[in-house]
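Text of entry24.pdb, listed as PDB, C-alpha atoms and all ligand atoms:
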```pdb
ATOM      1  CA  MET A   1     108.193 116.614  85.875  1.00  0.00           C
ATOM      2  CA  GLU A   2     110.787 114.384  87.508  1.00  0.00           C
ATOM      3  CA  LYS A   3     110.013 110.677  87.579  1.00  0.00           C
ATOM      4  CA  ILE A   4     109.210 109.054  90.913  1.00  0.00           C
ATOM      5  CA  SER A   5     111.782 106.341  90.158  1.00  0.00           C
ATOM      6  CA  GLU A   6     114.454 108.979  89.553  1.00  0.00           C
ATOM      7  CA  PHE A   7     113.590 111.002  92.622  1.00  0.00           C
ATOM      8  CA  MET A   8     113.409 108.017  94.983  1.00  0.00           C
ATOM      9  CA  GLY A   9     116.410 106.266  93.406  1.00  0.00           C
ATOM     10  CA  LYS A  10     118.470 109.403  93.937  1.00  0.00           C
ATOM     11  CA  ASP A  11     117.515 109.396  97.606  1.00  0.00           C
ATOM     12  CA  HIS A  12     118.555 105.717  97.888  1.00  0.00           C
ATOM     13  CA  ARG A  13     121.962 106.667  96.497  1.00  0.00           C
ATOM     14  CA  ARG A  14     122.319 109.623  98.843  1.00  0.00           C
ATOM     15  CA  LEU A  15     121.477 107.421 101.849  1.00  0.00           C
ATOM     16  CA  ASP A  16     123.846 104.668 100.621  1.00  0.00           C
ATOM     17  CA  GLY A  17     126.639 107.239 100.548  1.00  0.00           C
ATOM     18  CA  LEU A  18     125.938 108.339 104.113  1.00  0.00           C
ATOM     19  CA  LEU A  19     125.815 104.748 105.399  1.00  0.00           C
ATOM     20  CA  LYS A  20     129.051 103.899 103.609  1.00  0.00           C
ATOM     21  CA  GLU A  21     130.780 106.923 105.102  1.00  0.00           C
ATOM     22  CA  PHE A  22     129.405 106.047 108.538  1.00  0.00           C
ATOM     23  CA  ASN A  23     130.497 102.389 108.327  1.00  0.00           C
ATOM     24  CA  MET A  24     133.973 103.555 107.389  1.00  0.00           C
ATOM     25  CA  VAL A  25     134.528 105.847 110.359  1.00  0.00           C
ATOM     26  CA  VAL A  26     132.453 104.270 113.128  1.00  0.00           C
ATOM     27  CA  LYS A  27     135.250 102.102 114.506  1.00  0.00           C
ATOM     28  CA  SER A  28     137.872 104.799 114.652  1.00  0.00           C
ATOM     29  CA  ASP A  29     136.099 108.124 114.936  1.00  0.00           C
ATOM     30  CA  MET A  30     133.030 108.354 117.181  1.00  0.00           C
ATOM     31  CA  GLN A  31     133.136 112.143 116.954  1.00  0.00           C
ATOM     32  CA  ARG A  32     132.513 112.021 113.238  1.00  0.00           C
ATOM     33  CA  SER A  33     130.304 108.954 113.116  1.00  0.00           C
ATOM     34  CA  LYS A  34     127.663 110.304 115.508  1.00  0.00           C
ATOM     35  CA  PRO A  35     126.399 113.227 113.383  1.00  0.00           C
ATOM     36  CA  LEU A  36     126.744 111.076 110.266  1.00  0.00           C
ATOM     37  CA  PHE A  37     124.483 108.437 111.749  1.00  0.00           C
ATOM     38  CA  HIS A  38     121.918 111.008 112.831  1.00  0.00           C
ATOM     39  CA  LYS A  39     121.809 112.461 109.345  1.00  0.00           C
ATOM     40  CA  PHE A  40     121.480 108.995 107.823  1.00  0.00           C
ATOM     41  CA  ARG A  41     118.797 107.875 110.277  1.00  0.00           C
ATOM     42  CA  ALA A  42     116.671 111.008 109.858  1.00  0.00           C
ATOM     43  CA  GLY A  43     117.003 110.747 106.081  1.00  0.00           C
ATOM     44  CA  LEU A  44     116.050 107.082 105.987  1.00  0.00           C
ATOM     45  CA  GLN A  45     113.092 107.620 108.297  1.00  0.00           C
ATOM     46  CA  ARG A  46     111.915 110.429 106.033  1.00  0.00           C
ATOM     47  CA  HIS A  47     112.338 108.223 102.967  1.00  0.00           C
ATOM     48  CA  ILE A  48     110.316 105.422 104.588  1.00  0.00           C
ATOM     49  CA  ALA A  49     107.579 107.898 105.593  1.00  0.00           C
ATOM     50  CA  TRP A  50     107.353 109.087 101.961  1.00  0.00           C
ATOM     51  CA  GLU A  51     106.863 105.470 100.909  1.00  0.00           C
ATOM     52  CA  GLU A  52     104.512 104.268 103.619  1.00  0.00           C
ATOM     53  CA  GLU A  53     102.371 107.371 103.844  1.00  0.00           C
ATOM     54  CA  VAL A  54     102.368 108.749 100.303  1.00  0.00           C
ATOM     55  CA  LEU A  55     103.455 106.211  97.679  1.00  0.00           C
ATOM     56  CA  PHE A  56     102.303 102.841  99.000  1.00  0.00           C
ATOM     57  CA  PRO A  57      98.684 103.880  99.727  1.00  0.00           C
ATOM     58  CA  VAL A  58      98.314 105.162  96.149  1.00  0.00           C
ATOM     59  CA  PHE A  59      99.769 101.950  94.712  1.00  0.00           C
ATOM     60  CA  GLU A  60      97.548  99.848  96.956  1.00  0.00           C
ATOM     61  CA  SER A  61      94.313 101.678  96.215  1.00  0.00           C
ATOM     62  CA  HIS A  62      94.935 101.696  92.447  1.00  0.00           C
ATOM     63  CA  THR A  63      96.022  98.073  92.102  1.00  0.00           C
ATOM     64  CA  GLY A  64      93.834  96.571  94.827  1.00  0.00           C
ATOM     65  CA  MET A  65      96.925  94.786  96.127  1.00  0.00           C
ATOM     66  CA  PHE A  66      97.201  95.235  99.860  1.00  0.00           C
ATOM     67  CA  SER A  67      98.434  92.315 101.979  1.00  0.00           C
ATOM     68  CA  ASP A  68      99.065  90.184  98.886  1.00  0.00           C
ATOM     69  CA  GLY A  69     101.304  92.604  96.991  1.00  0.00           C
ATOM     70  CA  PRO A  70     104.817  94.028  96.982  1.00  0.00           C
ATOM     71  CA  THR A  71     104.033  96.828  99.448  1.00  0.00           C
ATOM     72  CA  SER A  72     103.309  94.344 102.241  1.00  0.00           C
ATOM     73  CA  ILE A  73     106.784  92.861 101.754  1.00  0.00           C
ATOM     74  CA  MET A  74     108.289  96.359 101.654  1.00  0.00           C
ATOM     75  CA  ARG A  75     106.511  97.286 104.894  1.00  0.00           C
ATOM     76  CA  MET A  76     107.824  94.120 106.551  1.00  0.00           C
ATOM     77  CA  GLU A  77     111.349  94.983 105.467  1.00  0.00           C
ATOM     78  CA  HIS A  78     110.903  98.557 106.731  1.00  0.00           C
ATOM     79  CA  HIS A  79     110.132  97.010 110.099  1.00  0.00           C
ATOM     80  CA  ILE A  80     113.450  95.124 110.047  1.00  0.00           C
ATOM     81  CA  ILE A  81     115.261  98.281 108.894  1.00  0.00           C
ATOM     82  CA  ARG A  82     113.725 100.342 111.714  1.00  0.00           C
ATOM     83  CA  GLU A  83     114.744  97.708 114.266  1.00  0.00           C
ATOM     84  CA  LEU A  84     118.347  97.774 113.058  1.00  0.00           C
ATOM     85  CA  LEU A  85     118.344 101.589 113.057  1.00  0.00           C
ATOM     86  CA  GLY A  86     117.095 101.544 116.650  1.00  0.00           C
ATOM     87  CA  LYS A  87     119.773  99.078 117.763  1.00  0.00           C
ATOM     88  CA  ILE A  88     122.567 101.071 116.159  1.00  0.00           C
ATOM     89  CA  HIS A  89     121.134 104.283 117.586  1.00  0.00           C
ATOM     90  CA  LEU A  90     121.312 102.867 121.128  1.00  0.00           C
ATOM     91  CA  LYS A  91     124.925 101.783 120.662  1.00  0.00           C
ATOM     92  CA  ILE A  92     125.953 105.118 119.216  1.00  0.00           C
ATOM     93  CA  ALA A  93     124.146 106.995 122.009  1.00  0.00           C
ATOM     94  CA  ALA A  94     126.103 104.910 124.522  1.00  0.00           C
ATOM     95  CA  GLY A  95     129.348 105.746 122.737  1.00  0.00           C
ATOM     96  CA  GLN A  96     129.914 102.173 121.570  1.00  0.00           C
ATOM     97  CA  GLY A  97     131.491 101.825 118.158  1.00  0.00           C
ATOM     98  CA  ASN A  98     131.258  98.027 117.874  1.00  0.00           C
ATOM     99  CA  ILE A  99     128.418  98.013 115.399  1.00  0.00           C
ATOM    100  CA  THR A 100     130.228  96.553 112.399  1.00  0.00           C
ATOM    101  CA  GLU A 101     127.903  93.553 112.336  1.00  0.00           C
ATOM    102  CA  LEU A 102     124.713  95.626 112.663  1.00  0.00           C
ATOM    103  CA  GLY A 103     125.951  98.102 110.071  1.00  0.00           C
ATOM    104  CA  GLY A 104     126.703  95.244 107.677  1.00  0.00           C
ATOM    105  CA  LYS A 105     123.267  93.731 108.243  1.00  0.00           C
ATOM    106  CA  LEU A 106     121.572  97.038 107.568  1.00  0.00           C
ATOM    107  CA  LYS A 107     123.564  97.499 104.389  1.00  0.00           C
ATOM    108  CA  ALA A 108     122.584  94.008 103.182  1.00  0.00           C
ATOM    109  CA  VAL A 109     118.876  94.439 103.942  1.00  0.00           C
ATOM    110  CA  LEU A 110     118.816  97.851 102.243  1.00  0.00           C
ATOM    111  CA  GLU A 111     120.542  96.566  99.116  1.00  0.00           C
ATOM    112  CA  GLY A 112     117.906  93.939  98.388  1.00  0.00           C
ATOM    113  CA  HIS A 113     115.064  96.162  99.513  1.00  0.00           C
ATOM    114  CA  ASP A 114     116.057  99.166  97.398  1.00  0.00           C
ATOM    115  CA  LYS A 115     116.586  96.995  94.339  1.00  0.00           C
ATOM    116  CA  LYS A 116     113.064  95.566  94.605  1.00  0.00           C
ATOM    117  CA  GLU A 117     111.559  99.031  94.972  1.00  0.00           C
ATOM    118  CA  GLU A 118     113.509 100.333  92.010  1.00  0.00           C
ATOM    119  CA  MET A 119     112.656  97.370  89.787  1.00  0.00           C
ATOM    120  CA  VAL A 120     109.083  96.595  90.771  1.00  0.00           C
ATOM    121  CA  LEU A 121     107.466  99.424  92.664  1.00  0.00           C
ATOM    122  CA  TYR A 122     108.740 102.831  91.579  1.00  0.00           C
ATOM    123  CA  PRO A 123     108.400 102.195  87.821  1.00  0.00           C
ATOM    124  CA  TRP A 124     104.686 101.602  88.317  1.00  0.00           C
ATOM    125  CA  PHE A 125     104.232 105.276  89.319  1.00  0.00           C
ATOM    126  CA  ASP A 126     105.931 106.475  86.133  1.00  0.00           C
ATOM    127  CA  ARG A 127     103.953 104.291  83.724  1.00  0.00           C
ATOM    128  CA  GLU A 128     101.667 106.162  81.390  1.00  0.00           C
ATOM    129  CA  ASN A 129      98.546 104.188  82.179  1.00  0.00           C
ATOM    130  CA  THR A 130      98.652 104.228  85.975  1.00  0.00           C
ATOM    131  CA  LEU A 131      98.327 107.806  87.223  1.00  0.00           C
ATOM    132  CA  THR A 132      97.376 111.119  85.663  1.00  0.00           C
ATOM    133  CA  GLU A 133      99.897 113.967  85.554  1.00  0.00           C
ATOM    134  CA  GLU A 134      97.858 115.668  88.233  1.00  0.00           C
ATOM    135  CA  GLU A 135      97.976 112.640  90.512  1.00  0.00           C
ATOM    136  CA  ARG A 136     101.712 112.429  89.988  1.00  0.00           C
ATOM    137  CA  ALA A 137     102.123 116.118  90.834  1.00  0.00           C
ATOM    138  CA  ASP A 138     100.094 115.508  94.009  1.00  0.00           C
ATOM    139  CA  LEU A 139     102.541 112.795  95.066  1.00  0.00           C
ATOM    140  CA  PHE A 140     105.414 115.267  94.898  1.00  0.00           C
ATOM    141  CA  LYS A 141     103.329 117.842  96.749  1.00  0.00           C
ATOM    142  CA  ASP A 142     102.563 115.357  99.541  1.00  0.00           C
ATOM    143  CA  ILE A 143     106.209 114.307  99.703  1.00  0.00           C
ATOM    144  CA  GLY A 144     107.237 117.958 100.031  1.00  0.00           C
ATOM    145  CA  ASN A 145     104.617 118.629 102.692  1.00  0.00           C
ATOM    146  CA  MET A 146     105.507 115.674 104.934  1.00  0.00           C
ATOM    147  CA  PRO A 147     105.705 117.154 108.456  1.00  0.00           C
ATOM    148  CA  PRO A 148     109.120 116.582 110.111  1.00  0.00           C
ATOM    149  CA  GLU A 149     107.482 115.098 113.227  1.00  0.00           C
ATOM    150  CA  ARG A 150     106.436 112.113 111.068  1.00  0.00           C
ATOM    151  CA  TYR A 151     110.063 111.010 110.741  1.00  0.00           C
ATOM    152  CA  ASN A 152     112.245 112.980 113.196  1.00  0.00           C
ATOM    153  CA  SER A 153     112.553 111.085 116.424  1.00  0.00           C
TER     154      SER A 153
HETATM  155 FE    FE B 201     111.508 101.267 101.287  1.00  0.00          FE
HETATM  156 FE    FE B 202     112.998 103.285  99.091  1.00  0.00          FE
END
```

Please express the file's structure as C-alpha cells.
Ligand SMILES: [Fe+2]
Ligand SMILES: [Fe+2]
Amino acid sequence: MEKISEFMGKDHRRLDGLLKEFNMVVKSDMQRSKPLFHKFRAGLQRHIAWEEEVLFPVFESHTGMFSDGPTSIMRMEHHIIRELLGKIHLKIAAGQGNITELGGKLKAVLEGHDKKEEMVLYPWFDRENTLTEEERADLFKDIGNMPPERYNS
C-alpha cells in the first residue's frame, strides 16, 4: 500500500507545479492563466478536504490532540489559504491579472504549511504503531470517495 506521506506529498508537488505555471503566465496571458487557476484551486480545495475531513479527524481522535495540536495550526493556515484563493479567484473572474503579490503570498504560505505537514503530520499516519493496515486502507477509501461537491465551488 502507498504511504500517506508519499500520496499527499505527491499532491503537494503537483499543486506546486500548477501554481508555478499560473504565476508565470498570469501577467501576460489571461487566456491561459484562467483554466490553470481553476485547476489549481479545485485541486487545492480537494486536497484540503482530504486533510480536514479524512486525515485530521483520525489524527485527532487517536492522539487526543485537538485544539492544542498541529492540526489546529494546519486548519488555521487552511483558512488563510482559502482567503487568498478567494481573493485571487475574484481578480481572475474580473479579468485582472495584477495578482503577483497575492500569488507570491499564497506560494509563501503553502511552502511553510506543506513542509510542516510533510515533516510532522503525514509521517504519523505511516508509523507502524499508530494505525492498523485496515485503518490505513480506510483512509485511502475515504479519500477516493470524497464527493466533488465537498470541494468544487
Ligand atoms: Fe494542508
Ligand atoms: Fe497538505

### Message
Expand the PyMOL selection byres (((chain A and resi 117-133) around 12) and not hetatm) into the explicit residue set it covers here, and present it as a ChimeraX atom specification.
### Response
/A:1-13,48,51,54-63,69-75,77-78,110-116,134-140

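If all atoms listed in the file are the atoms counted, then among A:Leu84, A:Ile99, A:Leu106, A:Met65 the closest residue to Met30 of chain A is A:Ile99.
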
### Query
Expanded to explicit residues, what is the PyMOL selection byres (((chain A and resi 101) around 12) and not hetatm) for this file, as a list in words?
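Output of the PyMOL selection byres (((chain A and resi 101) around 12) and not hetatm): Asn23, Val26, Lys27, Leu84, Lys87, Ile88, Gly97, Asn98, Ile99, Thr100, Leu102, Gly103, Gly104, Lys105, Leu106, Lys107 and Ala108 of chain A.
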
Axis-aligned box over every listed atom of segment 65-71 of chain A, padded by 4 Å per side: centre and edges in Å to one decimal, as lines of an AutoDock Vina configuration file?
```
center_x = 100.9
center_y = 93.5
center_z = 99.1
size_x = 15.9
size_y = 14.6
size_z = 13.9
```

### Task
Could you jot down the atom CA of Pro35 of chain A to atom CA of His47 of chain A separation for me, Å, one decimal place?
18.2 Å
